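Raw model.json, JSON, C-alpha atoms and all ligand atoms:
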[["chain", "number", "residue", "atom", "x", "y", "z"],
["E", 1, "VAL", "CA", 3.85, -3.97, -71.75],
["E", 2, "THR", "CA", 4.86, -7.59, -72.12],
["E", 3, "GLN", "CA", 3.22, -9.98, -74.55],
["E", 4, "ALA", "CA", 0.17, -11.90, -73.36],
["E", 5, "PRO", "CA", 0.76, -15.62, -73.05],
["E", 6, "VAL", "CA", -0.55, -17.82, -75.80],
["E", 7, "GLY", "CA", -3.50, -19.52, -74.20],
["E", 8, "ASP", "CA", -7.20, -19.53, -74.04],
["E", 9, "LEU", "CA", -9.37, -16.46, -73.96],
["E", 10, "GLY", "CA", -9.96, -16.65, -70.21],
["E", 11, "ALA", "CA", -6.21, -16.77, -69.50],
["E", 12, "ARG", "CA", -5.50, -13.81, -71.78],
["E", 13, "LEU", "CA", -8.32, -11.81, -70.27],
["E", 14, "ALA", "CA", -7.11, -12.51, -66.74],
["E", 15, "PHE", "CA", -3.56, -11.58, -67.74],
["E", 16, "VAL", "CA", -4.69, -8.30, -69.28],
["E", 17, "ARG", "CA", -6.78, -7.41, -66.24],
["E", 18, "GLU", "CA", -3.75, -8.05, -64.06],
["E", 19, "GLN", "CA", -1.54, -5.86, -66.24],
["E", 20, "VAL", "CA", -4.11, -3.08, -66.17],
["E", 21, "ALA", "CA", -4.34, -3.28, -62.39],
["E", 22, "ASP", "CA", -0.52, -3.29, -62.04],
["E", 23, "ALA", "CA", -0.17, -0.30, -64.36],
["E", 24, "ALA", "CA", -2.83, 1.58, -62.40],
["E", 25, "ARG", "CA", -1.29, 0.85, -59.01],
["E", 26, "SER", "CA", 2.18, 1.77, -60.24],
["E", 27, "VAL", "CA", 0.96, 5.32, -60.86],
["E", 28, "GLY", "CA", -1.15, 5.47, -57.71],
["E", 29, "ARG", "CA", -4.50, 4.98, -59.43],
["E", 30, "ASN", "CA", -7.39, 2.76, -58.42],
["E", 31, "PRO", "CA", -7.82, -0.06, -61.00],
["E", 32, "GLU", "CA", -11.58, 0.04, -60.33],
["E", 33, "ALA", "CA", -11.72, 3.48, -61.93],
["E", 34, "ILE", "CA", -10.65, 2.01, -65.26],
["E", 35, "THR", "CA", -13.09, 0.40, -67.69],
["E", 36, "VAL", "CA", -11.69, -2.21, -70.06],
["E", 37, "ILE", "CA", -13.58, -2.36, -73.34],
["E", 38, "ALA", "CA", -12.92, -5.61, -75.22],
["E", 39, "VAL", "CA", -12.64, -4.73, -78.89],
["E", 40, "THR", "CA", -14.27, -7.52, -80.86],
["E", 41, "LYS", "CA", -14.21, -6.11, -84.41],
["E", 42, "PHE", "CA", -13.82, -8.79, -87.14],
["E", 43, "HIS", "CA", -14.54, -11.52, -84.57],
["E", 44, "PRO", "CA", -17.72, -13.59, -84.69],
["E", 45, "ALA", "CA", -20.65, -13.28, -82.30],
["E", 46, "SER", "CA", -19.52, -16.50, -80.62],
["E", 47, "LEU", "CA", -16.40, -14.75, -79.32],
["E", 48, "VAL", "CA", -18.50, -11.96, -77.82],
["E", 49, "ARG", "CA", -20.61, -14.58, -76.05],
["E", 50, "GLU", "CA", -17.48, -16.25, -74.67],
["E", 51, "LEU", "CA", -16.26, -12.90, -73.37],
["E", 52, "ALA", "CA", -19.62, -12.19, -71.79],
["E", 53, "ALA", "CA", -19.49, -15.57, -70.07],
["E", 54, "LEU", "CA", -16.08, -14.56, -68.68],
["E", 55, "GLY", "CA", -17.59, -11.45, -67.13],
["E", 56, "VAL", "CA", -16.88, -8.87, -69.84],
["E", 57, "ALA", "CA", -19.58, -6.19, -69.82],
["E", 58, "ASP", "CA", -18.18, -3.68, -72.31],
["E", 59, "VAL", "CA", -17.39, -4.50, -75.93],
["E", 60, "GLY", "CA", -16.14, -2.28, -78.73],
["E", 61, "GLU", "CA", -16.78, -2.31, -82.46],
["E", 62, "ASN", "CA", -15.64, 0.02, -85.22],
["E", 63, "ARG", "CA", -17.96, -0.67, -88.15],
["E", 64, "ALA", "CA", -21.62, 0.24, -87.96],
["E", 65, "GLN", "CA", -23.14, -2.51, -90.06],
["E", 66, "GLU", "CA", -20.92, -5.29, -88.77],
["E", 67, "ALA", "CA", -21.68, -4.20, -85.22],
["E", 68, "ALA", "CA", -25.43, -3.88, -85.68],
["E", 69, "ALA", "CA", -25.63, -7.41, -87.06],
["E", 70, "LYS", "CA", -23.45, -8.78, -84.26],
["E", 71, "VAL", "CA", -25.54, -7.14, -81.55],
["E", 72, "VAL", "CA", -28.60, -8.98, -82.84],
["E", 73, "GLU", "CA", -26.74, -12.27, -83.21],
["E", 74, "VAL", "CA", -25.23, -12.09, -79.71],
["E", 75, "GLY", "CA", -28.61, -11.23, -78.22],
["E", 76, "ASP", "CA", -27.29, -10.32, -74.78],
["E", 77, "ALA", "CA", -29.12, -7.26, -73.50],
["E", 78, "SER", "CA", -26.74, -6.84, -70.56],
["E", 79, "LEU", "CA", -23.72, -6.00, -72.73],
["E", 80, "ARG", "CA", -22.71, -2.39, -73.31],
["E", 81, "TRP", "CA", -21.66, -1.77, -76.92],
["E", 82, "HIS", "CA", -19.13, 0.99, -77.54],
["E", 83, "PHE", "CA", -18.74, 2.38, -81.02],
["E", 84, "ILE", "CA", -15.07, 3.31, -81.51],
["E", 85, "GLY", "CA", -14.55, 3.75, -85.26],
["E", 86, "ARG", "CA", -15.06, 6.47, -87.80],
["E", 87, "LEU", "CA", -18.75, 7.05, -88.25],
["E", 88, "GLN", "CA", -20.57, 8.54, -91.20],
["E", 89, "ARG", "CA", -23.60, 10.67, -90.48],
["E", 90, "ASN", "CA", -25.87, 8.38, -92.46],
["E", 91, "LYS", "CA", -25.04, 5.51, -90.06],
["E", 92, "ALA", "CA", -25.70, 7.53, -86.93],
["E", 93, "ARG", "CA", -29.27, 6.29, -86.41],
["E", 94, "LEU", "CA", -28.15, 2.68, -86.85],
["E", 95, "VAL", "CA", -25.43, 3.11, -84.22],
["E", 96, "ARG", "CA", -27.72, 4.98, -81.85],
["E", 97, "GLY", "CA", -29.98, 1.93, -81.96],
["E", 98, "PHE", "CA", -27.47, -0.37, -80.26],
["E", 99, "ALA", "CA", -24.64, 1.68, -78.75],
["E", 100, "THR", "CA", -24.21, 2.82, -75.16],
["E", 101, "ALA", "CA", -21.41, 5.13, -76.17],
["E", 102, "VAL", "CA", -19.77, 6.60, -79.26],
["E", 103, "HIS", "CA", -16.07, 7.31, -78.74],
["E", 104, "SER", "CA", -15.40, 8.87, -82.12],
["E", 105, "VAL", "CA", -17.51, 12.01, -82.31],
["E", 106, "ASP", "CA", -15.51, 14.26, -84.62],
["E", 107, "SER", "CA", -17.95, 16.77, -86.11],
["E", 108, "VAL", "CA", -20.88, 18.96, -85.23],
["E", 109, "SER", "CA", -22.96, 17.33, -87.94],
["E", 110, "LEU", "CA", -22.25, 13.84, -86.58],
["E", 111, "ALA", "CA", -23.22, 15.00, -83.08],
["E", 112, "ASP", "CA", -26.48, 16.40, -84.44],
["E", 113, "ALA", "CA", -27.21, 13.15, -86.28],
["E", 114, "LEU", "CA", -26.56, 11.12, -83.12],
["E", 115, "GLY", "CA", -28.85, 13.18, -80.93],
["E", 116, "GLY", "CA", -32.57, 12.78, -80.49],
["E", 117, "GLU", "CA", -35.21, 10.81, -78.65],
["E", 118, "GLY", "CA", -34.57, 7.59, -76.79],
["E", 119, "PRO", "CA", -32.01, 6.53, -74.21],
["E", 120, "VAL", "CA", -29.19, 8.98, -73.58],
["E", 121, "LEU", "CA", -26.11, 8.23, -75.68],
["E", 122, "ASP", "CA", -22.70, 8.75, -74.09],
["E", 123, "CYS", "CA", -20.27, 10.64, -76.32],
["E", 124, "PHE", "CA", -16.53, 11.15, -76.38],
["E", 125, "VAL", "CA", -15.11, 13.86, -78.62],
["E", 126, "GLN", "CA", -12.12, 12.54, -80.52],
["E", 127, "LEU", "CA", -8.89, 14.52, -80.60],
["E", 128, "ASP", "CA", -6.44, 13.89, -83.42],
["E", 129, "LEU", "CA", -2.97, 13.74, -81.89],
["E", 130, "THR", "CA", -1.21, 13.79, -85.27],
["E", 131, "ASP", "CA", -0.47, 16.85, -87.41],
["E", 132, "ASP", "CA", -1.90, 15.37, -90.58],
["E", 133, "ARG", "CA", -5.47, 14.44, -89.58],
["E", 134, "SER", "CA", -4.66, 10.82, -90.30],
["E", 135, "ARG", "CA", -6.22, 8.95, -87.39],
["E", 136, "GLY", "CA", -9.65, 10.52, -87.18],
["E", 137, "GLY", "CA", -10.67, 13.21, -84.76],
["E", 138, "VAL", "CA", -10.44, 16.97, -84.70],
["E", 139, "SER", "CA", -7.56, 19.38, -84.13],
["E", 140, "SER", "CA", -7.01, 20.74, -80.65],
["E", 141, "ASP", "CA", -8.44, 24.09, -81.83],
["E", 142, "ALA", "CA", -11.70, 22.46, -82.85],
["E", 143, "LEU", "CA", -12.08, 20.24, -79.78],
["E", 144, "LEU", "CA", -13.61, 22.67, -77.30],
["E", 145, "PRO", "CA", -16.18, 24.12, -79.72],
["E", 146, "LEU", "CA", -17.20, 20.55, -80.59],
["E", 147, "ALA", "CA", -17.47, 19.57, -76.92],
["E", 148, "GLU", "CA", -19.56, 22.64, -76.24],
["E", 149, "HIS", "CA", -21.83, 21.75, -79.14],
["E", 150, "VAL", "CA", -22.30, 18.17, -77.88],
["E", 151, "LEU", "CA", -23.34, 19.56, -74.49],
["E", 152, "GLY", "CA", -26.23, 21.31, -76.22],
["E", 153, "VAL", "CA", -27.54, 18.38, -78.27],
["E", 154, "PRO", "CA", -30.61, 16.70, -76.73],
["E", 155, "GLY", "CA", -30.15, 12.98, -76.15],
["E", 156, "LEU", "CA", -26.35, 13.15, -75.85],
["E", 157, "ARG", "CA", -24.26, 13.11, -72.71],
["E", 158, "LEU", "CA", -20.69, 14.34, -73.04],
["E", 159, "ARG", "CA", -18.47, 11.87, -71.19],
["E", 160, "GLY", "CA", -15.05, 13.17, -72.20],
["E", 161, "VAL", "CA", -12.32, 12.86, -74.79],
["E", 162, "MET", "CA", -10.85, 10.08, -76.90],
["E", 163, "ALA", "CA", -7.67, 9.65, -78.94],
["E", 164, "ILE", "CA", -5.49, 7.12, -80.70],
["E", 165, "ALA", "CA", -1.72, 7.40, -80.17],
["E", 166, "PRO", "CA", 0.09, 8.49, -83.33],
["E", 167, "LEU", "CA", 2.53, 6.09, -84.93],
["E", 168, "GLY", "CA", 6.16, 7.04, -84.42],
["E", 169, "GLU", "CA", 5.74, 9.10, -81.26],
["E", 170, "ASP", "CA", 6.17, 8.08, -77.66],
["E", 171, "PRO", "CA", 2.55, 7.31, -76.63],
["E", 172, "ARG", "CA", 3.05, 8.76, -73.16],
["E", 173, "ARG", "CA", 3.96, 12.13, -74.66],
["E", 174, "ALA", "CA", 0.99, 12.02, -77.02],
["E", 175, "PHE", "CA", -1.42, 11.00, -74.25],
["E", 176, "SER", "CA", -0.18, 13.87, -72.10],
["E", 177, "ARG", "CA", -1.63, 16.23, -74.72],
["E", 178, "LEU", "CA", -4.90, 14.34, -74.47],
["E", 179, "ARG", "CA", -4.84, 14.76, -70.72],
["E", 180, "ALA", "CA", -4.39, 18.53, -71.12],
["E", 181, "ALA", "CA", -7.30, 18.59, -73.59],
["E", 182, "SER", "CA", -9.38, 16.62, -71.11],
["E", 183, "GLU", "CA", -8.75, 19.26, -68.47],
["E", 184, "SER", "CA", -10.12, 22.00, -70.70],
["E", 185, "VAL", "CA", -13.18, 19.91, -71.55],
["E", 186, "ARG", "CA", -13.77, 19.35, -67.83],
["E", 187, "ALA", "CA", -13.68, 23.09, -67.35],
["E", 188, "LEU", "CA", -16.74, 23.25, -69.62],
["E", 189, "ASP", "CA", -18.54, 20.46, -67.78],
["E", 190, "ALA", "CA", -17.12, 18.81, -64.68],
["E", 191, "SER", "CA", -18.90, 15.52, -65.44],
["E", 192, "ALA", "CA", -17.16, 15.19, -68.85],
["E", 193, "CYS", "CA", -14.11, 13.75, -67.15],
["E", 194, "ALA", "CA", -13.60, 10.43, -68.96],
["E", 195, "ILE", "CA", -10.55, 9.74, -71.13],
["E", 196, "SER", "CA", -10.81, 6.97, -73.73],
["E", 197, "ALA", "CA", -7.24, 6.05, -74.60],
["E", 198, "GLY", "CA", -4.98, 3.05, -74.69],
["E", 199, "MET", "CA", -4.91, 0.08, -77.03],
["E", 200, "SER", "CA", -3.12, -3.27, -76.66],
["E", 201, "GLY", "CA", 0.32, -1.79, -77.31],
["E", 202, "ASP", "CA", 0.13, 1.40, -75.28],
["E", 203, "PHE", "CA", -2.36, 1.02, -72.45],
["E", 204, "ALA", "CA", 0.19, 1.42, -69.66],
["E", 205, "ALA", "CA", 1.14, 4.84, -71.05],
["E", 206, "ALA", "CA", -2.54, 5.75, -71.33],
["E", 207, "ILE", "CA", -3.18, 4.72, -67.72],
["E", 208, "ALA", "CA", -0.24, 6.85, -66.60],
["E", 209, "GLU", "CA", -1.87, 9.82, -68.35],
["E", 210, "GLY", "CA", -5.26, 9.30, -66.75],
["E", 211, "ALA", "CA", -7.16, 7.04, -69.17],
["E", 212, "THR", "CA", -10.48, 5.85, -67.77],
["E", 213, "HIS", "CA", -11.59, 3.73, -70.74],
["E", 214, "LEU", "CA", -9.14, 1.35, -72.44],
["E", 215, "ARG", "CA", -10.00, -0.10, -75.85],
["E", 216, "LEU", "CA", -8.22, -3.46, -75.93],
["E", 217, "GLY", "CA", -8.43, -5.81, -78.88],
["E", 218, "THR", "CA", -5.60, -8.19, -79.65],
["E", 219, "ALA", "CA", -4.25, -8.29, -76.08],
["E", 220, "ILE", "CA", -7.51, -9.99, -75.10],
["E", 221, "THR", "CA", -8.66, -11.77, -78.24],
["E", 222, "GLY", "CA", -5.35, -12.72, -79.83],
["E", 223, "MET", "CA", -4.88, -12.05, -83.52],
["E", 224, "ARG", "CA", -7.92, -10.69, -85.35],
["E", 225, "PRO", "CA", -9.28, -12.78, -88.21],
["E", 226, "VAL", "CA", -8.46, -11.34, -91.61],
["E", 227, "ARG", "CA", -11.33, -9.17, -92.81],
["E", 228, "ALA", "CA", -13.35, -11.03, -95.43],
["I", 301, "LIG", "C1", -9.08, -1.84, -83.24],
["I", 301, "LIG", "C2", -9.11, -0.67, -82.35],
["I", 301, "LIG", "C3", -8.65, -0.78, -81.02],
["I", 301, "LIG", "C4", -8.04, -2.04, -80.46],
["I", 301, "LIG", "O1", -6.76, -2.23, -80.99],
["I", 301, "LIG", "P1", -5.76, -3.35, -80.41],
["I", 301, "LIG", "O2", -4.42, -2.87, -80.85],
["I", 301, "LIG", "O3", -6.17, -4.62, -81.03],
["I", 301, "LIG", "O4", -5.90, -3.36, -78.96],
["I", 301, "LIG", "C5", -8.77, 0.34, -80.21],
["I", 301, "LIG", "N1", -9.28, 1.50, -80.66],
["I", 301, "LIG", "C6", -9.73, 1.64, -81.92],
["I", 301, "LIG", "C7", -10.29, 2.95, -82.35],
["I", 301, "LIG", "C8", -9.65, 0.56, -82.81],
["I", 301, "LIG", "O5", -10.10, 0.69, -84.05]]
What does the file become when written as C-alpha cells?
Amino acid sequence: VTQAPVGDLGARLAFVREQVADAARSVGRNPEAITVIAVTKFHPASLVRELAALGVADVGENRAQEAAAKVVEVGDASLRWHFIGRLQRNKARLVRGFATAVHSVDSVSLADALGGEGPVLDCFVQLDLTDDRSRGGVSSDALLPLAEHVLGVPGLRLRGVMAIAPLGEDPRRAFSRLRAASESVRALDASACAISAGMSGDFAAAIAEGATHLRLGTAITGMRPVRA
C-alpha cells in the first residue's frame, strides 16, 4: 500500500477508494462488496460532517463517551456509527443508543449487556490474533462459543468476525487465520459472513483474505490530532 498524497480530505478519500477497488479487483473480488468505515476517533465533529458531505455513510469510533458526544454534535441521522474499540459493560447501553454495529464483542457478559429492546444491533465477535491477548478479542478456542452465545441474545444480530493484525507478523498470514475462523462462524449461521479487518497499513492484505468491512483512519483523515 503506497502512501496517500498530501492533499485535502476529498482527494485522500478518493485515493483510498481507488486503492480499495484496485486491491479488490486484483484478487478477483467485487469492490462493491467492501464497506469502508472512516475511523474518526480524536477528530472533531466538523471532520465527520465533511466526510458525510463527501458521501461517507459509515464512521468508526473507539471510545464510548467521545463517540456519544460526537454523534449528538454531528446531528446527521443518516450516518451509521460503528463502535470499534474495547468496550466496558457499563458503557454498553450508551453505545447501543447510537451505534449501528459493535465490532469488538469479546465476552458473553458484554454481549448480554448490549442486547435488549430497540433496533437490532449488528455485532462482530473479535478474535485476538496474538498469543498474549494484547490487542483485545478472544482466543480462537473461545470464539465459537461466544458467537453461539451472541446468536441467542435478543436484540443482537451476529454479522461476523473482527480482528486487528498483530504487530511484527505478516498481516496476510494473520488475516488468513481470521478467514478460517470466519468459516467456522459461518457454519453456525450462514448470514454471519462479514469480516471486519484491515486498517490504513494493511487493508490490501485484509481484502486478499476476504475482509468485507475495512476500518480506515489515517489513510483517509491524515494524522490524528493528539489526544487531549
Ligand atoms: C484506530 C483504529 C483503526 C484505524 O486505524 P488507522 O491505522 O488509522 O487506519 C482501525 N481499527 C481500530 C480498532 C482502531 O482503533
*Determine, counting all atoms listed in the file, which protein, DNA and RNA residues have an atom within 10 Å of an atom of segment 201-210 of chain E; residues of the same chain fewer than 3 positions away are not included. Present the result as a ChimeraX atom specification.*
/E:1-3,19-29,31,33-34,163-165,170-180,182,193-198,213-219
Grab all the atoms of ligand LIG 301 (chain I) that the file lists, wrap them in a box along x, y and z, add 6 Å per side, and give me centre plus edge lengths in Å (one decimal) as AutoDock Vina command-line options.
--center_x -7.4 --center_y -0.8 --center_z -81.5 --size_x 17.9 --size_y 19.6 --size_z 17.1
*Name each residue within 12 Å of ligand LIG 301 (chain I), counting all atoms listed in the file, as a count of residues only.*
58
*So what do you get for atom CA of Arg49 of chain E versus atom CA of Gly115 of chain E, distance-wise?*
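Between these atoms lies a distance of 29.4 Å.
Take atom CA of Arg80 of chain E and atom CA of Thr100 of chain E: the distance between them is 5.7 Å.
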*asked:* Just checking: using only C-alpha atoms, which residue out of E:Ala92, E:Gly152, E:Ala181, E:Phe98 ends up closest to Leu129 of chain E?
replied: E:Ala181
*Counting all atoms listed in the file, what is within 9 Å of Leu144 of chain E, bar same-chain residues fewer than 6 positions away, as an MDAnalysis selection string?*
chainID E and resid 181 184:185 188
*Can you work out which one of E:Leu13, E:Ala147, E:Ala45, E:Ala211 has the shortest atom-to-atom distance to Arg186 of chain E, counting only C-alpha atoms?*
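Counting only C-alpha atoms, the residue closest to Arg186 of chain E is E:Ala147.
Nearest residue to Ala14 of chain E, choosing from E:Leu51, E:Val153, E:Val125, E:Ala77 and counting only C-alpha atoms: E:Leu51.
Each of E:Leu79, E:Val108, E:Leu156, E:Leu143 was checked against Gly55 of chain E using all atoms listed in the file; the smallest atom-to-atom distance is that of E:Leu79.
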When you get a chance, write out all heavy atoms for segment 138-149 of chain E, as a short mmCIF file (atom, residue, chain, number, x, y, z; two decimals), in the frame of the given file.
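Okay, part13.cif is ready:
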data_model
loop_
_atom_site.label_atom_id
_atom_site.label_comp_id
_atom_site.auth_asym_id
_atom_site.auth_seq_id
_atom_site.Cartn_x
_atom_site.Cartn_y
_atom_site.Cartn_z
N VAL E 138 -10.56 15.56 -84.34
CA VAL E 138 -10.44 16.97 -84.70
C VAL E 138 -9.15 17.55 -84.11
O VAL E 138 -8.55 16.98 -83.20
CB VAL E 138 -11.65 17.79 -84.19
CG1 VAL E 138 -12.94 17.32 -84.84
CG2 VAL E 138 -11.77 17.73 -82.66
N SER E 139 -8.74 18.68 -84.64
CA SER E 139 -7.56 19.38 -84.13
C SER E 139 -7.84 19.91 -82.73
O SER E 139 -9.01 20.03 -82.33
CB SER E 139 -7.21 20.54 -85.06
OG SER E 139 -8.25 21.50 -84.97
N SER E 140 -6.80 20.24 -82.02
CA SER E 140 -7.01 20.74 -80.65
C SER E 140 -7.80 22.06 -80.67
O SER E 140 -8.57 22.32 -79.75
CB SER E 140 -5.69 20.89 -79.91
OG SER E 140 -4.80 21.65 -80.66
N ASP E 141 -7.66 22.85 -81.73
CA ASP E 141 -8.44 24.09 -81.83
C ASP E 141 -9.94 23.83 -81.92
O ASP E 141 -10.75 24.62 -81.45
CB ASP E 141 -8.07 24.88 -83.10
CG ASP E 141 -6.67 25.45 -83.00
OD1 ASP E 141 -6.10 25.41 -81.89
OD2 ASP E 141 -6.16 25.91 -84.03
N ALA E 142 -10.29 22.73 -82.59
CA ALA E 142 -11.70 22.46 -82.85
C ALA E 142 -12.35 21.66 -81.72
O ALA E 142 -13.58 21.47 -81.71
CB ALA E 142 -11.84 21.70 -84.17
N LEU E 143 -11.54 21.17 -80.79
CA LEU E 143 -12.08 20.24 -79.78
C LEU E 143 -13.09 20.90 -78.83
O LEU E 143 -14.17 20.36 -78.60
CB LEU E 143 -10.94 19.60 -78.98
CG LEU E 143 -11.40 18.44 -78.10
CD1 LEU E 143 -11.69 17.20 -78.94
CD2 LEU E 143 -10.40 18.12 -77.01
N LEU E 144 -12.72 22.04 -78.28
CA LEU E 144 -13.61 22.67 -77.30
C LEU E 144 -14.93 23.13 -77.92
O LEU E 144 -16.00 22.89 -77.33
CB LEU E 144 -12.92 23.82 -76.60
CG LEU E 144 -12.01 23.44 -75.44
CD1 LEU E 144 -11.56 24.68 -74.69
CD2 LEU E 144 -12.67 22.47 -74.48
N PRO E 145 -14.89 23.77 -79.10
CA PRO E 145 -16.18 24.12 -79.72
C PRO E 145 -17.05 22.89 -79.97
O PRO E 145 -18.27 22.94 -79.78
CB PRO E 145 -15.76 24.77 -81.05
CG PRO E 145 -14.38 25.29 -80.81
CD PRO E 145 -13.74 24.35 -79.83
N LEU E 146 -16.42 21.77 -80.36
CA LEU E 146 -17.20 20.55 -80.59
C LEU E 146 -17.79 20.04 -79.27
O LEU E 146 -18.97 19.66 -79.21
CB LEU E 146 -16.32 19.48 -81.24
CG LEU E 146 -16.96 18.12 -81.47
CD1 LEU E 146 -18.20 18.22 -82.38
CD2 LEU E 146 -15.95 17.12 -82.08
N ALA E 147 -16.98 20.03 -78.22
CA ALA E 147 -17.47 19.57 -76.92
C ALA E 147 -18.64 20.44 -76.45
O ALA E 147 -19.65 19.93 -75.96
CB ALA E 147 -16.34 19.62 -75.89
N GLU E 148 -18.50 21.72 -76.64
CA GLU E 148 -19.56 22.64 -76.24
C GLU E 148 -20.84 22.36 -77.03
O GLU E 148 -21.94 22.39 -76.48
CB GLU E 148 -19.09 24.08 -76.50
CG GLU E 148 -19.86 25.10 -75.73
CD GLU E 148 -18.98 26.29 -75.32
OE1 GLU E 148 -17.95 26.52 -75.99
OE2 GLU E 148 -19.33 26.95 -74.34
N HIS E 149 -20.67 22.07 -78.30
CA HIS E 149 -21.83 21.75 -79.14
C HIS E 149 -22.53 20.48 -78.63
O HIS E 149 -23.75 20.44 -78.50
CB HIS E 149 -21.41 21.59 -80.60
CG HIS E 149 -22.57 21.37 -81.51
ND1 HIS E 149 -23.34 22.40 -82.01
CD2 HIS E 149 -23.16 20.23 -81.97
CE1 HIS E 149 -24.32 21.90 -82.74
NE2 HIS E 149 -24.23 20.59 -82.73
#
